[in-house]
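Written below as structure tokens is the structure these notes are about.
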Amino acid sequence: MELYLTLEKQLKKEPNYVTDNGELKKWVVINKAQNYDAELIGLLLDDKELKAKFFLEIKSVLVFNQSLFIQFLEQKNYLNDSYTSYKNKVGLNIDGKYLRQRNEVALVWPFKDCVLEGGQSREEDKREEIFFNETLAQDEITQLLEPKVLTNTKRYTAKGEKSLDKFNRNKEGIITDNLIIKGNNLLALHSLKKEFAGQVKLIYIDPPYNRDADAFYNDNFKNSTWLTFMKNRLEIAKELLSDEGFFFIQIDDYQLGYLKILCDEVFNRENAVNIIAVKMSEASGVKMAHVDKKLPKIKEFILSYRKSNTSRLNPIKIKKESQGNKLDAYLKYYKKVIENYNDPAENWIITSITDYLKKQGLETDDESVKKFQLENTERVVYRTNNKSFENLTVKGKIALVKSKQGLDYVWWEGKQMLFLADYIDEYICDFWTDISTINLNKEGGVDLANGKKPEKLLKRIIQLVTKEGDIVMDYHLGSGTTASVAHKMKRQFIGIEQLNYGENDSVERLKNVIKGDNSGISTEEDVQWKGGGEFVYLELKKYNQTFIEEIESAKDTKAVLKIWAEMKAKSFLNYNVDLQKQEEHIEEFKALPLAGQKQHLVELLDKNQLYVNLSSLNDKDFAVSTEEKKVTQDFYQLKK
Ligand SMILES: C[S@@+](CC[C@H](N)C(=O)[O-])C[C@H]1O[C@@H](n2cnc3c(N)ncnc32)[C@H](O)[C@@H]1O
């Protein structure tokens, strides 16, 4: 076989490299080659001929001959598709290479190559964020992202709370319990990796929107900090998704542009599915006070990405009724009904709805007619003269006619038939205006001052991409909307949240749900939620992080000094901290302003020991309890 045929055959094994028409996406492959993509290189190595052609052996190490491979793919005679016409076009280039070909357009920001722990457990705390550089601080990052020891685990059932004996698992050994994890979401996601990589069907998140003037916790990250924060989490989220999985993320105008480019980079642009515009508030209230400066903002966006091109949506139909007041406008045309609808079409009789109702001895007022129309959408019709078929000759009473655009029309006794069902039940598109955002504070029996999402919204997303039993995840869980809806819809859920919202916490909400909460989507016909089920609560075991949190909430120097005494006895300090010197300079320390004292203490702490790593499970210094050991070992399936 000629080499290019071998290459094409091998590359087509990867669905992401193939268009819907079965052609090879050469630009995608070239981009991957330019980035030394491990999957692509692996695929080439799997074939003997390709391995020999595109790799050099140097001191028994195989080196990818990138330029040869790209040159080969770019050969004109090999490219019989759009590339050729592209290549013949005029375009911007540097050194003869088109900009697109150079793969040089990217969103770049300070700290892009860093990891941001971004931990915080109280709303009122502001902290100096620590960036670990991926190249310079590799060891720190490895330690930071290592799976963590679990603590404070509980199982909640409708009968109450009990201690966790062990996790439930399916035949493949994967945990089937619903989980609520309290703790830093980056670290929690990495702790879940071993158990759940490739298992999650849907991840929905509603992260901080990073709006400047917003008092909401941590919503005023600087842009580069926010992008780093998001990127670190998106990358691991992608690993958790199954091949058929989807990622949905909600955002408003302010960060939309930045987020879109970031997500394109992480998920690949070809996996972008939709940007849904969703109405999130009413045209009333404070926002209407400045209509002369700016149009009031009532919508947000939901970006969706698929993991690969094997992912499929479950199209949803809704009645136009719920799409506002277009309905009455349609109904006034549909005044006829087909009698004998279930007989062959030759036997149909078309009667006016009022005559039909009279015959049945039923009321014929406007309300009764409307009720009849809505209950019989598939046999209520409107007949029209369609000019484009003027010269049509049809044998018999009925025909299916194809238009120039390839659409099918039903033709009946010389006229086109329009069925109410086709107009009234419509597929949901990318513009959602029908979900109410009023009175959300009642849903689930818990409140969230800012950003609580309607259960109906989550129901639609969950319905769109999952089926019963699938795993749904949200790592900015907030008041627990995603988890509650997933549970009511019989999906397995994993929720992560680092703040403790007290009586409005997601744990309280899920407790209400298993006890039979009847708010939100509970009463919908296809849900009819009556309660039941259970979930497991767990935390990541903190170490130096506990000291950081104490320092952040200290009110005066006395409190700071007390923490310092505790730190000397129990914390892990940086290797170069000289305790004696610290004591010698204690008066200078006391003279610093409170913020300076706090900053100094935080700087002394070894940031590699914020949480207890799994590898320290048996290390006496961390004093992991027998109970914690047991649960941790069970979770990570470690031999005892
Ligand atoms: C708008 S709320 C999500 C609301 C949720 N969808 C609901 O319906 O209840 C955003 C969430 O992101 C979390 N968040 C904010 N800053 C964070 C940070 N630095 N790290 C992790 N989570 C953060 C907040 O705690 C909050 O729960």
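Identifiers in the structure tokens: chain A, B, ... in order shown; residue index from 1 per chain; ligand index from 1 in order shown.
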
I'd like a table as a Markdown table: residues in chain A with an atom no more than 9 Å from ligand 1, each row giving the shortest atom pair and its distance in Å to one decimal, only C-alpha atoms and all ligand atoms counted, sorted by chain and rising residue number.
| residue | atom | partner | partner_atom_place_in_ligand_line | distance |
| --- | --- | --- | --- | --- |
| A:Glu117 | CA | ligand 1 | 20 (N) | 8.4 |
| A:Gly118 | CA | ligand 1 | 19 (N) | 5.0 |
| A:Gly119 | CA | ligand 1 | 20 (N) | 5.8 |
| A:Gln120 | CA | ligand 1 | 19 (N) | 6.2 |
| A:Ser121 | CA | ligand 1 | 25 (O) | 8.3 |
| A:Arg122 | CA | ligand 1 | 25 (O) | 8.8 |
| A:Glu123 | CA | ligand 1 | 25 (O) | 7.8 |
| A:Gly183 | CA | ligand 1 | 21 (C) | 8.5 |
| A:Asn184 | CA | ligand 1 | 21 (C) | 6.3 |
| A:Asn185 | CA | ligand 1 | 21 (C) | 5.7 |
| A:Leu186 | CA | ligand 1 | 21 (C) | 7.9 |
| A:Tyr204 | CA | ligand 1 | 6 (N) | 8.5 |
| A:Ile205 | CA | ligand 1 | 6 (N) | 6.7 |
| A:Asp206 | CA | ligand 1 | 6 (N) | 5.0 |
| A:Pro207 | CA | ligand 1 | 12 (O) | 4.6 |
| A:Pro208 | CA | ligand 1 | 15 (C) | 4.9 |
| A:Tyr209 | CA | ligand 1 | 1 (C) | 7.7 |
| A:Phe216 | CA | ligand 1 | 15 (C) | 8.0 |
| A:Tyr217 | CA | ligand 1 | 15 (C) | 5.8 |
| A:Asn218 | CA | ligand 1 | 16 (N) | 4.8 |
| A:Asp219 | CA | ligand 1 | 16 (N) | 6.4 |
| A:Phe221 | CA | ligand 1 | 19 (N) | 8.5 |
| A:Trp226 | CA | ligand 1 | 19 (N) | 8.8 |
| A:Phe229 | CA | ligand 1 | 19 (N) | 7.8 |
| A:Gln250 | CA | ligand 1 | 6 (N) | 8.7 |
| A:Asp447 | CA | ligand 1 | 9 (O) | 8.1 |
| A:Leu448 | CA | ligand 1 | 9 (O) | 6.4 |
| A:Asn450 | CA | ligand 1 | 1 (C) | 6.2 |
| A:Gly451 | CA | ligand 1 | 1 (C) | 3.9 |
| A:Lys452 | CA | ligand 1 | 8 (O) | 3.7 |
| A:Lys453 | CA | ligand 1 | 8 (O) | 3.8 |
| A:Pro454 | CA | ligand 1 | 8 (O) | 6.8 |
| A:Glu455 | CA | ligand 1 | 8 (O) | 7.9 |
| A:Leu458 | CA | ligand 1 | 8 (O) | 8.7 |
| A:Asp474 | CA | ligand 1 | 6 (N) | 8.1 |
| A:Tyr475 | CA | ligand 1 | 22 (N) | 7.5 |
| A:His476 | CA | ligand 1 | 12 (O) | 4.3 |
| A:Leu477 | CA | ligand 1 | 5 (C) | 5.2 |
| A:Gly478 | CA | ligand 1 | 27 (O) | 3.1 |
| A:Ser479 | CA | ligand 1 | 9 (O) | 3.6 |
| A:Gly480 | CA | ligand 1 | 9 (O) | 5.1 |
| A:Thr481 | CA | ligand 1 | 8 (O) | 4.5 |
| A:Thr482 | CA | ligand 1 | 8 (O) | 6.7 |
| A:Ile496 | CA | ligand 1 | 22 (N) | 8.5 |
| A:Glu497 | CA | ligand 1 | 27 (O) | 6.1 |
| A:Gln498 | CA | ligand 1 | 21 (C) | 6.0 |
| A:Leu499 | CA | ligand 1 | 25 (O) | 5.2 |
| A:Asn500 | CA | ligand 1 | 25 (O) | 8.3 |
| A:Tyr501 | CA | ligand 1 | 25 (O) | 8.7 |
| A:Ser506 | CA | ligand 1 | 9 (O) | 7.9 |

Quick one: residues within 7 Å of Lys299 of chain A, only C-alpha atoms, excluding same-chain residues fewer than 5 positions away - as a list in words?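 Listed by chain and then number, they are Ala277, Val278, Lys279, Met280 and Ser281 of chain A.
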
DSSP on the backbone: which residues in segment 129-358 of chain A end up as strand (DSSP E or B)? Give the answer as a short mmCIF file (atom, residue, chain, number, x, y, z; two decimals) with N, CA and C atoms, in the first residue's frame.
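So selection-v7.cif came out as:
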data_model
loop_
_atom_site.label_atom_id
_atom_site.label_comp_id
_atom_site.auth_asym_id
_atom_site.auth_seq_id
_atom_site.Cartn_x
_atom_site.Cartn_y
_atom_site.Cartn_z
N PHE A 131 0.84 31.15 42.89
CA PHE A 131 0.96 30.49 41.58
C PHE A 131 2.17 29.56 41.60
N PHE A 132 1.96 28.32 41.20
CA PHE A 132 3.10 27.41 41.06
C PHE A 132 3.40 27.30 39.58
N ASN A 133 4.62 27.60 39.19
CA ASN A 133 4.96 27.51 37.78
C ASN A 133 5.17 26.06 37.36
N LYS A 148 -5.75 13.05 48.00
CA LYS A 148 -5.70 13.43 49.41
C LYS A 148 -6.40 12.40 50.31
N LEU A 150 -9.00 11.26 53.07
CA LEU A 150 -10.39 11.68 53.27
C LEU A 150 -10.73 11.69 54.75
N THR A 151 -11.60 12.61 55.11
CA THR A 151 -11.97 12.69 56.52
C THR A 151 -13.43 13.08 56.67
N ASN A 152 -13.91 12.93 57.90
CA ASN A 152 -15.26 13.42 58.23
C ASN A 152 -16.36 12.84 57.35
N THR A 153 -16.19 11.60 56.92
CA THR A 153 -17.15 11.00 55.98
C THR A 153 -18.42 10.56 56.71
N LYS A 154 -19.54 10.73 56.04
CA LYS A 154 -20.84 10.33 56.60
C LYS A 154 -21.73 9.85 55.48
N ARG A 155 -22.65 8.96 55.82
CA ARG A 155 -23.65 8.56 54.83
C ARG A 155 -24.99 9.15 55.28
N TYR A 156 -25.66 9.89 54.40
CA TYR A 156 -26.97 10.46 54.72
C TYR A 156 -28.06 9.65 54.02
N THR A 157 -29.03 9.16 54.78
CA THR A 157 -30.16 8.45 54.20
C THR A 157 -31.43 9.15 54.65
N GLY A 160 -31.74 9.38 58.26
CA GLY A 160 -30.78 10.16 59.05
C GLY A 160 -29.36 9.86 58.63
N GLU A 161 -28.44 10.24 59.53
CA GLU A 161 -27.02 10.21 59.18
C GLU A 161 -26.37 9.00 59.85
N LYS A 162 -25.46 8.30 59.14
CA LYS A 162 -24.71 7.24 59.82
C LYS A 162 -23.25 7.28 59.38
N SER A 163 -22.42 6.54 60.11
CA SER A 163 -21.02 6.57 59.70
C SER A 163 -20.85 5.72 58.45
N ARG A 169 -20.14 -0.12 45.07
CA ARG A 169 -19.48 -0.12 43.75
C ARG A 169 -20.28 -0.97 42.76
N ILE A 175 -17.33 3.47 42.07
CA ILE A 175 -18.24 3.90 43.15
C ILE A 175 -19.58 4.35 42.58
N LEU A 179 -21.95 11.64 45.79
CA LEU A 179 -20.93 12.22 46.67
C LEU A 179 -21.07 13.73 46.77
N ILE A 180 -20.93 14.24 47.99
CA ILE A 180 -20.73 15.68 48.16
C ILE A 180 -19.39 15.85 48.85
N ILE A 181 -18.49 16.55 48.17
CA ILE A 181 -17.14 16.70 48.71
C ILE A 181 -16.94 18.15 49.12
N LYS A 182 -16.53 18.33 50.36
CA LYS A 182 -16.26 19.68 50.85
C LYS A 182 -14.77 19.88 50.78
N VAL A 200 -17.55 10.29 33.79
CA VAL A 200 -18.60 11.27 34.05
C VAL A 200 -19.27 11.68 32.73
N LYS A 201 -20.61 11.66 32.71
CA LYS A 201 -21.32 11.95 31.46
C LYS A 201 -21.55 13.44 31.28
N LEU A 202 -21.77 14.14 32.38
CA LEU A 202 -22.03 15.58 32.26
C LEU A 202 -21.34 16.32 33.40
N ILE A 203 -20.60 17.36 33.04
CA ILE A 203 -20.13 18.30 34.06
C ILE A 203 -20.78 19.64 33.74
N TYR A 204 -21.54 20.17 34.71
CA TYR A 204 -22.11 21.52 34.57
C TYR A 204 -21.44 22.36 35.64
N ILE A 205 -20.94 23.53 35.27
CA ILE A 205 -20.46 24.45 36.31
C ILE A 205 -20.96 25.87 36.07
N LEU A 241 -14.39 13.32 32.13
CA LEU A 241 -15.52 13.05 31.23
C LEU A 241 -15.32 11.75 30.46
N SER A 242 -16.45 11.07 30.21
CA SER A 242 -16.38 9.87 29.37
C SER A 242 -16.28 10.32 27.91
N ASP A 243 -15.99 9.38 27.01
CA ASP A 243 -15.84 9.75 25.60
C ASP A 243 -17.12 10.37 25.05
N GLU A 244 -18.26 9.95 25.59
CA GLU A 244 -19.55 10.48 25.10
C GLU A 244 -19.97 11.69 25.93
N GLY A 245 -19.12 12.14 26.84
CA GLY A 245 -19.51 13.15 27.82
C GLY A 245 -19.61 14.57 27.28
N PHE A 246 -20.23 15.43 28.10
CA PHE A 246 -20.41 16.84 27.75
C PHE A 246 -20.00 17.73 28.91
N PHE A 247 -19.52 18.91 28.56
CA PHE A 247 -19.18 19.92 29.55
C PHE A 247 -20.04 21.16 29.29
N PHE A 248 -20.75 21.64 30.30
CA PHE A 248 -21.58 22.85 30.17
C PHE A 248 -21.09 23.86 31.20
N ILE A 249 -20.91 25.10 30.77
CA ILE A 249 -20.44 26.12 31.70
C ILE A 249 -21.23 27.41 31.50
N GLN A 250 -21.72 27.96 32.60
CA GLN A 250 -22.56 29.16 32.54
C GLN A 250 -21.74 30.40 32.86
N ILE A 251 -22.00 31.48 32.14
CA ILE A 251 -21.21 32.70 32.32
C ILE A 251 -22.03 33.90 31.85
N ALA A 272 -16.67 22.21 20.23
CA ALA A 272 -17.63 23.21 20.74
C ALA A 272 -19.00 22.84 20.18
N VAL A 273 -20.01 22.76 21.05
CA VAL A 273 -21.33 22.35 20.58
C VAL A 273 -22.24 23.58 20.39
N ASN A 274 -22.48 24.31 21.44
CA ASN A 274 -23.38 25.47 21.36
C ASN A 274 -22.96 26.57 22.32
N ILE A 275 -23.41 27.77 22.02
CA ILE A 275 -23.46 28.81 23.06
C ILE A 275 -24.95 29.11 23.21
N ILE A 276 -25.51 28.68 24.32
CA ILE A 276 -26.93 28.87 24.55
C ILE A 276 -27.12 30.23 25.22
N ALA A 277 -28.08 31.00 24.75
CA ALA A 277 -28.43 32.25 25.45
C ALA A 277 -29.64 31.94 26.31
N VAL A 278 -29.55 32.26 27.59
CA VAL A 278 -30.64 31.90 28.49
C VAL A 278 -31.09 33.11 29.28
N LYS A 279 -32.41 33.31 29.32
CA LYS A 279 -32.94 34.46 30.05
C LYS A 279 -32.79 34.17 31.53
N LYS A 299 -29.89 38.31 30.14
CA LYS A 299 -29.52 36.96 29.69
C LYS A 299 -28.10 36.59 30.12
N GLU A 300 -27.86 35.29 30.14
CA GLU A 300 -26.50 34.78 30.35
C GLU A 300 -26.23 33.77 29.25
N PHE A 301 -25.05 33.17 29.30
CA PHE A 301 -24.68 32.19 28.27
C PHE A 301 -24.32 30.86 28.92
N ILE A 302 -24.61 29.80 28.18
CA ILE A 302 -24.12 28.49 28.60
C ILE A 302 -23.32 27.92 27.43
N LEU A 303 -22.03 27.74 27.64
CA LEU A 303 -21.19 27.18 26.59
C LEU A 303 -21.20 25.67 26.75
N SER A 304 -21.33 24.95 25.64
CA SER A 304 -21.26 23.50 25.80
C SER A 304 -20.21 22.91 24.87
N TYR A 305 -19.54 21.89 25.39
CA TYR A 305 -18.48 21.18 24.66
C TYR A 305 -18.72 19.69 24.79
N ARG A 306 -18.35 18.96 23.74
CA ARG A 306 -18.42 17.50 23.85
C ARG A 306 -17.00 17.00 24.01
N LYS A 317 -38.34 18.10 22.91
CA LYS A 317 -39.42 18.89 22.31
C LYS A 317 -40.19 19.58 23.42
N ILE A 318 -40.56 20.82 23.19
CA ILE A 318 -41.43 21.50 24.17
C ILE A 318 -42.60 22.12 23.42
N LYS A 319 -43.66 22.36 24.15
CA LYS A 319 -44.83 23.00 23.54
C LYS A 319 -44.55 24.48 23.40
N LYS A 336 -59.51 23.31 11.80
CA LYS A 336 -60.10 22.09 11.24
C LYS A 336 -59.52 20.86 11.93
N VAL A 337 -60.34 19.81 11.92
CA VAL A 337 -59.87 18.56 12.52
C VAL A 337 -60.09 17.41 11.54
N ILE A 338 -59.18 16.44 11.56
CA ILE A 338 -59.34 15.27 10.69
C ILE A 338 -60.18 14.23 11.45
N GLU A 339 -61.31 13.86 10.84
CA GLU A 339 -62.08 12.75 11.42
C GLU A 339 -61.52 11.46 10.84
N ILE A 349 -61.88 12.64 6.82
CA ILE A 349 -62.88 13.68 6.54
C ILE A 349 -62.40 14.92 7.29
N ILE A 350 -62.44 16.06 6.60
CA ILE A 350 -61.97 17.27 7.27
C ILE A 350 -63.16 18.15 7.66
N THR A 351 -63.29 18.40 8.95
CA THR A 351 -64.45 19.10 9.48
C THR A 351 -63.98 20.30 10.30
N SER A 352 -64.82 21.31 10.45
CA SER A 352 -64.41 22.42 11.31
C SER A 352 -64.52 21.94 12.78
#

Rounded to one decimal in Å, what is the spacing between atom CA of Leu604 of chain A and atom CA of Gln143 of chain A?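 Taking atom CA of Leu604 of chain A and atom CA of Gln143 of chain A, their separation equals 17.8 Å.
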
Given only C-alpha atoms as the counted atoms, nearest of A:Asn31, A:Leu420, A:Lys511, A:Lys222 to Asn268 of chain A: A:Asn31

Would you please work out which residue, of A:Glu413, A:Glu566, A:Asp434, A:Glu628, is nearest to Lys395 of chain A when using only C-alpha atoms?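 The closest residue to Lys395 of chain A is A:Glu413.
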
Nearest to Gln545 of chain A by atom-to-atom distance, counting only C-alpha atoms, from A:Gln633, A:Gln582, A:Asn223, A:Gln609: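 Residue with the minimum atom-to-atom distance to Gln545 of chain A: A:Gln609.
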
Contacts of Glu468 of chain A at 12 Å or less, counting only C-alpha atoms, minus same-chain residues fewer than 4 places along, as a ChimeraX atom specification? /A:201,462-464,472,486-493,527

Keeping only N, CA and C atoms, write the selected residues to a file as a CSV table (one decimal), in the first residue's frame.
chain,number,residue,atom,x,y,z
A,201,LYS,N,-20.6,11.7,32.7
A,201,LYS,CA,-21.3,11.9,31.5
A,201,LYS,C,-21.5,13.4,31.3
A,462,ILE,N,-29.6,18.3,32.0
A,462,ILE,CA,-29.4,16.9,32.3
A,462,ILE,C,-30.1,16.0,31.4
A,463,GLN,N,-31.3,16.5,31.0
A,463,GLN,CA,-32.2,15.7,30.1
A,463,GLN,C,-31.5,15.7,28.7
A,464,LEU,N,-30.9,16.7,28.3
A,464,LEU,CA,-30.3,16.9,27.0
A,464,LEU,C,-29.1,16.0,26.8
A,472,VAL,N,-23.4,12.8,36.9
A,472,VAL,CA,-23.5,14.2,36.7
A,472,VAL,C,-22.6,14.9,37.7
A,486,ALA,N,-30.2,16.3,39.7
A,486,ALA,CA,-29.7,15.0,39.2
A,486,ALA,C,-30.3,13.9,40.0
A,487,HIS,N,-30.4,14.1,41.3
A,487,HIS,CA,-30.9,13.0,42.2
A,487,HIS,C,-32.4,12.8,41.9
A,488,LYS,N,-33.2,13.9,41.7
A,488,LYS,CA,-34.6,13.7,41.4
A,488,LYS,C,-34.8,13.1,40.1
A,489,MET,N,-33.8,13.2,39.2
A,489,MET,CA,-33.9,12.6,37.8
A,489,MET,C,-33.2,11.2,37.8
A,490,LYS,N,-32.9,10.7,38.9
A,490,LYS,CA,-32.3,9.3,39.1
A,490,LYS,C,-30.9,9.2,38.4
A,491,ARG,N,-30.2,10.3,38.4
A,491,ARG,CA,-28.8,10.2,37.9
A,491,ARG,C,-27.9,10.2,39.2
A,492,GLN,N,-26.7,9.6,39.0
A,492,GLN,CA,-25.7,9.6,40.1
A,492,GLN,C,-25.0,11.0,40.1
A,493,PHE,N,-24.8,11.6,41.3
A,493,PHE,CA,-24.2,12.9,41.3
A,493,PHE,C,-22.9,13.0,42.1
A,527,VAL,N,-41.3,13.7,36.6
A,527,VAL,CA,-40.4,13.6,37.7
A,527,VAL,C,-41.1,13.0,38.9

Could you tell me how far atom CA of Asp619 of chain A lies from atom CA of Leu540 of chain A, in Å and to one decimal?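 These two atoms are separated by 16.4 Å.
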
Best match for closeness to Pro315 of chain A among A:Asn340, A:Gln416, A:Thr466, A:Asn21, counting only C-alpha atoms: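 Of A:Asn340, A:Gln416, A:Thr466, A:Asn21, the one nearest Pro315 of chain A is A:Thr466, counting only C-alpha atoms.
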